[in-house]
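Here is model-v1.cif, consisting of mmCIF, C-alpha atoms:
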```
data_data
#
loop_
_atom_site.label_atom_id
_atom_site.label_comp_id
_atom_site.auth_asym_id
_atom_site.auth_seq_id
_atom_site.Cartn_x
_atom_site.Cartn_y
_atom_site.Cartn_z
CA MET A 1 -18.56 -10.93 13.25
CA THR A 2 -20.16 -10.09 9.94
CA THR A 3 -17.82 -9.79 7.00
CA PRO A 4 -18.53 -6.82 4.68
CA ARG A 5 -20.60 -7.75 1.62
CA HIS A 6 -17.93 -6.11 -0.13
CA ASP A 7 -19.22 -2.92 0.75
CA HIS A 8 -15.99 -2.07 -1.12
CA ASN A 9 -18.58 -0.45 -3.29
CA PRO A 10 -19.48 1.96 -0.56
CA GLY A 11 -21.42 4.95 -1.71
CA PRO A 12 -20.96 6.76 -4.98
CA ALA A 13 -18.06 6.02 -7.28
CA THR A 14 -15.34 8.64 -7.19
CA GLU A 15 -14.65 10.73 -10.23
CA PRO A 16 -11.58 9.64 -12.20
CA GLY A 17 -8.40 11.45 -11.22
CA THR A 18 -7.04 14.16 -13.46
CA LEU A 19 -3.38 13.15 -13.16
CA ARG A 20 -1.74 13.12 -16.58
CA CYS A 21 1.64 13.12 -18.23
CA PRO A 22 2.44 16.72 -19.24
CA GLU A 23 4.32 15.55 -22.35
CA CYS A 24 1.90 13.17 -24.06
CA GLY A 25 -1.28 14.23 -22.23
CA THR A 26 -2.39 10.70 -21.35
CA ALA A 27 -3.61 9.64 -17.92
CA ALA A 28 -1.07 8.99 -15.17
CA ARG A 29 -1.19 7.30 -11.77
CA PRO A 30 0.69 7.96 -8.51
CA VAL A 31 2.39 4.54 -8.64
CA PRO A 32 6.06 3.88 -9.50
CA PRO A 33 6.67 2.36 -12.97
CA ALA A 34 6.69 -1.43 -13.14
CA ASP A 35 10.10 -1.49 -14.87
CA TRP A 36 12.80 1.07 -14.18
CA PRO A 37 15.89 0.73 -16.41
CA LEU A 38 17.92 3.08 -14.19
CA ALA A 39 17.58 0.98 -11.03
CA GLY A 40 20.73 1.41 -8.99
CA PHE A 41 21.58 4.70 -10.72
CA ALA A 42 18.51 6.89 -10.14
CA VAL A 43 15.58 6.86 -7.74
CA ARG A 44 12.50 5.14 -9.15
CA PRO A 45 9.90 7.82 -10.05
CA GLY A 46 6.73 8.08 -8.01
CA ALA A 47 4.35 8.15 -11.00
CA SER A 48 3.76 6.24 -14.23
CA HIS A 49 1.44 5.90 -17.22
CA LEU A 50 -1.57 3.62 -16.73
CA ASP A 51 0.31 0.80 -18.53
CA GLY A 52 3.06 0.93 -15.90
CA THR A 53 5.70 2.68 -18.04
CA PRO A 54 7.59 5.77 -16.81
CA LEU A 55 6.18 9.15 -17.79
CA CYS A 56 7.63 10.70 -20.93
CA PRO A 57 11.16 12.13 -20.58
CA VAL A 58 11.87 15.81 -20.17
CA TYR A 59 15.30 17.37 -20.55
CA GLY A 60 17.01 19.42 -17.89
CA PRO A 61 20.47 20.26 -16.55
CA HIS A 62 21.05 16.61 -15.59
CA GLY A 63 19.85 15.09 -18.85
CA ALA A 64 16.57 13.32 -19.58
CA GLN A 65 14.33 12.20 -16.74
CA PRO A 66 10.66 11.25 -16.43
CA ALA A 67 8.26 14.16 -16.23
CA GLU A 68 6.33 15.00 -13.09
CA PRO A 69 2.57 14.37 -13.40
CA VAL A 70 0.21 17.33 -13.43
CA GLY A 71 -3.34 17.56 -12.16
CA VAL A 72 -5.09 16.14 -9.12
CA PRO A 73 -5.40 12.43 -8.21
CA ALA A 74 -8.79 10.79 -7.77
CA ARG A 75 -10.43 11.14 -4.37
CA LEU A 76 -10.51 8.05 -2.15
CA THR A 77 -13.77 6.15 -1.87
CA THR A 78 -15.41 6.18 1.55
CA TRP A 79 -14.13 2.65 2.23
CA GLN A 80 -10.57 3.61 1.28
CA ALA A 81 -10.77 6.76 3.43
CA VAL A 82 -11.89 4.74 6.46
CA ARG A 83 -9.07 2.24 5.92
CA GLN A 84 -6.43 4.97 5.78
CA SER A 85 -7.84 6.81 8.80
CA TRP A 86 -7.96 3.52 10.72
CA LEU A 87 -4.26 2.98 10.01
CA ALA A 88 -3.52 6.42 11.44
CA HIS A 89 -6.01 6.14 14.34
CA PRO A 90 -6.54 2.45 15.22
CA ASP A 91 -8.31 3.42 18.46
CA TRP A 92 -11.08 5.40 16.74
CA THR A 93 -14.64 4.15 17.06
CA ALA A 94 -17.18 4.04 14.22
CA ALA A 95 -18.59 7.32 15.56
CA ASP A 96 -15.14 8.91 15.41
CA HIS A 97 -14.76 7.86 11.78
CA LEU A 98 -18.24 9.15 10.93
CA ALA A 99 -17.42 12.55 12.41
CA TRP A 100 -14.14 12.64 10.50
CA LEU A 101 -15.80 11.64 7.20
CA ASP A 102 -18.42 14.39 7.64
CA GLY A 103 -15.63 16.89 8.23
CA GLU A 104 -13.91 15.73 5.03
CA GLY A 105 -17.09 16.22 2.99
CA TYR A 106 -18.07 12.56 2.48
CA ASP A 107 -21.84 11.95 2.24
CA THR A 108 -22.21 8.93 4.53
CA ASP A 109 -25.99 8.91 4.02
CA LEU A 110 -25.31 7.33 0.62
CA LEU A 111 -23.82 4.19 2.20
CA ASP A 112 -25.80 0.97 1.78
CA GLY A 113 -27.28 0.70 5.28
CA ASP A 114 -26.85 2.48 8.59
CA PRO A 115 -23.53 4.37 8.34
CA GLY A 116 -22.43 3.42 11.85
CA GLU A 117 -23.08 -0.28 11.24
CA VAL A 118 -21.39 -0.25 7.82
CA ILE A 119 -18.25 1.43 9.17
CA GLY A 120 -18.27 -0.91 12.17
CA ARG A 121 -18.15 -3.89 9.77
CA TRP A 122 -15.28 -2.33 7.84
CA LEU A 123 -13.30 -1.71 11.03
CA ALA A 124 -13.83 -5.30 12.17
CA GLU A 125 -12.59 -6.55 8.80
CA HIS A 126 -9.55 -4.25 8.88
CA ARG A 127 -8.57 -5.55 12.32
CA ARG A 128 -9.05 -9.16 11.23
CA THR A 129 -7.03 -8.91 8.02
CA ALA A 130 -4.24 -6.88 9.64
CA ARG A 131 -3.05 -10.03 11.40
CA LEU A 132 -0.98 -12.40 9.29
CA THR A 133 -1.65 -16.09 9.76
CA VAL A 134 1.21 -18.47 10.49
CA PRO A 135 1.38 -21.36 7.98
CA PRO A 136 2.00 -24.98 9.04
CA GLY A 137 5.66 -25.81 9.49
CA VAL A 138 6.67 -22.48 11.02
CA THR A 139 7.17 -23.41 14.65
CA GLY A 140 8.78 -21.80 17.67
CA GLU A 141 8.54 -18.26 18.92
CA ALA A 142 10.96 -16.62 16.46
CA ARG A 143 9.09 -15.64 13.30
CA VAL A 144 9.74 -13.27 10.45
CA TYR A 145 6.82 -11.45 8.82
CA VAL A 146 7.55 -10.39 5.24
CA VAL A 147 5.43 -7.96 3.20
CA ALA A 148 6.30 -7.24 -0.45
CA GLY A 149 4.78 -4.76 -2.86
CA GLY A 150 6.11 -2.86 -5.87
CA ASP A 151 9.89 -2.65 -5.55
CA MET A 152 9.94 -2.87 -1.76
CA VAL A 153 10.16 -5.73 0.74
CA ALA A 154 9.60 -4.95 4.43
CA VAL A 155 10.52 -7.39 7.20
CA PHE A 156 9.08 -7.37 10.73
CA ASP A 157 9.09 -9.43 13.91
CA ASN A 158 5.63 -8.12 14.82
CA PRO A 159 2.53 -9.38 12.95
CA ASP A 160 0.48 -6.26 13.68
CA ALA A 161 3.17 -3.97 12.25
CA ALA A 162 3.46 -6.19 9.17
CA GLY A 163 -0.31 -6.17 8.71
CA ALA A 164 -0.44 -2.40 8.97
CA GLN A 165 2.36 -2.08 6.40
CA ARG A 166 0.45 -4.33 4.02
CA MET A 167 -2.64 -2.15 4.37
CA VAL A 168 -0.60 0.99 3.64
CA MET A 169 0.88 -0.59 0.51
CA GLU A 170 -2.51 -1.74 -0.74
CA ALA A 171 -3.98 1.70 -0.07
CA ALA A 172 -1.22 3.08 -2.32
CA GLY A 173 -2.43 0.81 -5.13
CA LEU A 174 0.31 -1.81 -4.88
CA ASP A 175 -0.32 -5.53 -5.28
CA THR A 176 1.12 -7.06 -2.12
CA ILE A 177 2.03 -10.50 -0.85
CA ALA A 178 2.72 -11.46 2.75
CA SER A 179 4.31 -14.51 4.29
CA VAL A 180 5.53 -15.82 7.63
CA MET A 181 8.74 -17.82 7.97
CA THR A 182 11.53 -18.72 10.35
CA PRO A 183 14.62 -16.50 10.60
CA ALA A 184 16.66 -19.16 8.78
CA GLN A 185 14.13 -19.32 5.95
CA TRP A 186 14.21 -15.54 5.64
CA ASP A 187 18.02 -15.49 5.48
CA THR A 188 17.85 -17.86 2.52
CA ALA A 189 15.01 -15.94 0.85
CA ARG A 190 16.85 -12.63 1.27
CA GLU A 191 19.93 -13.97 -0.53
CA VAL A 192 17.80 -15.19 -3.41
CA LEU A 193 15.87 -11.91 -3.65
CA ALA A 194 19.03 -9.80 -3.56
CA ALA A 195 20.64 -11.93 -6.28
CA GLU A 196 17.64 -12.25 -8.62
CA HIS A 197 16.02 -8.84 -8.04
CA PRO A 198 18.80 -6.34 -7.31
CA HIS A 199 16.40 -3.39 -7.74
CA LEU A 200 14.38 -4.40 -4.67
CA VAL A 201 14.69 -2.32 -1.52
CA ILE A 202 14.68 -4.70 1.44
CA THR A 203 13.93 -2.92 4.72
CA ASP A 204 14.45 -5.01 7.86
CA VAL A 205 12.90 -3.40 10.94
CA ARG A 206 13.23 -6.30 13.35
CA HIS A 207 14.60 -5.39 16.78
CA ASP A 208 17.74 -7.45 16.21
CA ALA A 209 18.22 -6.45 12.57
CA THR A 210 21.45 -4.93 11.39
CA GLY A 211 19.84 -2.44 9.03
CA GLN A 212 18.75 -2.26 5.42
CA THR A 213 19.75 -4.48 2.55
CA PRO A 214 19.82 -2.67 -0.82
#
```
Using the file provided, produce a representation of the structure as structure tokens.
Amino acid sequence: MTTPRHDHNPGPATEPGTLRCPECGTAARPVPPADWPLAGFAVRPGASHLDGTPLCPVYGPHGAQPAEPVGVPARLTTWQAVRQSWLAHPDWTAADHLAWLDGEGYDTDLLDGDPGEVIGRWLAEHRRTARLTVPPGVTGEARVYVVAGGDMVAVFDNPDAAGAQRMVMEAAGLDTIASVMTPAQWDTAREVLAAEHPHLVITDVRHDATGQTP
């Protein structure tokens, strides 16, 4: 298998998005703010300034709250579009993705090489990185796959589901980390996370899980 030459530079660069804060007029991004002082009292907003701070407050019937961004976000690059469509349609071939990209208005002739071969390399890389490796010391059949990004931690008993979740988070612009551990190790880690980071949303989707831990 040939690893992409970081054809993460695939085709022309996308134009910057036009999302902005309606109050101060500066650029905004569709990513929750890094710090949210109202954690536990109000839902974390879905957008922030480029420096990670909440958008400027606006006043309404329920007091001050961050403004909603205005404008249109930047279009995905061809590589990002293929990654997202692969998550939704993991059985698609390179030809299927090419047809979809053409329908969405992407100019695949601008890719560096034969479009079918380039997309084939991307798909092979997506499938390879979607599987989480098991570190030394984690033995036995029972394993917990943990993916964390932003203010969310998701827990799985299936490595493919965990890998797909990680890809979704990264596609949303979140820095993610992933780890594999035993159920006992996860129980300890969950207690520490809940105590030290009470704003985290811990979602446990294992078959034998009891539900969600706030």
query = Looking at A:His97, A:His199, A:Arg44, A:Arg29, which one is nearest to A:Gly71, with distances taken over all atoms listed in the file?
reply =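 Looking at the shortest contact to A:Gly71, the residue is A:Arg29.
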ask   = Once the PyMOL selection byres ((chain A and resi 70) around 6) has been applied to the shown file, what residues remain in the selection, as a ChimeraX atom specification?
value = /A:19-20,69,71
Could you turn the residues from that selection into a file that holds C-alpha atoms, as a PDB file, in the frame of the given file?
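What landed in out_7.pdb:
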```
ATOM      1  CA  LEU A  19      -3.380  13.150 -13.160  1.00  0.00           C
ATOM      2  CA  ARG A  20      -1.740  13.120 -16.580  1.00  0.00           C
ATOM      3  CA  PRO A  69       2.570  14.370 -13.400  1.00  0.00           C
ATOM      4  CA  GLY A  71      -3.340  17.560 -12.160  1.00  0.00           C
TER       5      GLY A  71
END
```
message = When the PyMOL selection byres ((chain A and resi 56) around 8) is applied to the structure above, which residues does it catch, written out as a VMD selection string?
response = chain A and resid 21 23 to 24 54 to 55 57 to 58 66 to 67
I'd like to see the residues matched by the PyMOL selection byres ((chain A and resi 174) around 10) on this file, and ideally I'd get them as an mmCIF file with C-alpha atoms, in the frame of the given file.
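Output contents, as saved in selection-v4.cif:
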```cif
data_model
loop_
_atom_site.group_PDB
_atom_site.id
_atom_site.type_symbol
_atom_site.label_atom_id
_atom_site.label_comp_id
_atom_site.auth_asym_id
_atom_site.auth_seq_id
_atom_site.Cartn_x
_atom_site.Cartn_y
_atom_site.Cartn_z
ATOM 1 C CA VAL A 31 2.390 4.540 -8.640
ATOM 2 C CA PRO A 32 6.060 3.880 -9.500
ATOM 3 C CA ALA A 148 6.300 -7.240 -0.450
ATOM 4 C CA GLY A 149 4.780 -4.760 -2.860
ATOM 5 C CA GLY A 150 6.110 -2.860 -5.870
ATOM 6 C CA ASP A 151 9.890 -2.650 -5.550
ATOM 7 C CA ARG A 166 0.450 -4.330 4.020
ATOM 8 C CA MET A 167 -2.640 -2.150 4.370
ATOM 9 C CA VAL A 168 -0.600 0.990 3.640
ATOM 10 C CA MET A 169 0.880 -0.590 0.510
ATOM 11 C CA GLU A 170 -2.510 -1.740 -0.740
ATOM 12 C CA ALA A 171 -3.980 1.700 -0.070
ATOM 13 C CA ALA A 172 -1.220 3.080 -2.320
ATOM 14 C CA GLY A 173 -2.430 0.810 -5.130
ATOM 15 C CA ASP A 175 -0.320 -5.530 -5.280
ATOM 16 C CA THR A 176 1.120 -7.060 -2.120
ATOM 17 C CA ILE A 177 2.030 -10.500 -0.850
#
```
ask   = Near A:Tyr145, within 8 Å and counting all atoms listed in the file, which residues show up once chain neighbours fewer than 6 positions away are dropped, as number ranges by chain?
value = A: 132, 155-159, 162, 178-181
query = atom CA of A:Val82 to atom CA of A:Trp122: how many Å, to one decimal?
reply =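 Atom-to-atom, atom CA of A:Val82 and atom CA of A:Trp122 are spaced 8.0 Å apart.
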ask   = For A:Glu104, which residue among A:Arg121, A:Glu191, A:Pro90, A:Ala81 is the nearest when counting all atoms listed in the file?
value = A:Ala81
message = I'd like the interatomic distance between atom CA of A:Glu125 and atom CA of A:Thr203, to a tenth of an Å.
response = 27.1 Å
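Taking atom CA of A:Arg83 and atom CA of A:Gly46 as the two end points, the separation is 21.9 Å.
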ask   = So which one's closest to A:Leu76, A:Pro45, A:Gly52, A:Gly105, A:Pro22? Using only C-alpha atoms, please.
value =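 Using only C-alpha atoms, A:Leu76 sits closest to A:Gly105.
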request  = Between A:Ala124, A:Ala34, A:Trp186, A:Gly103, single out the one closest to A:Val153, counting all atoms listed in the file.
outcome  = A:Trp186
query = Hey, which of A:His126, A:Ala189, A:Ala64, A:Ser85 ends up closest to A:Leu38? Count all atoms listed in the file.
reply =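 Among the listed residues, the smallest separation from A:Leu38 belongs to A:Ala64.
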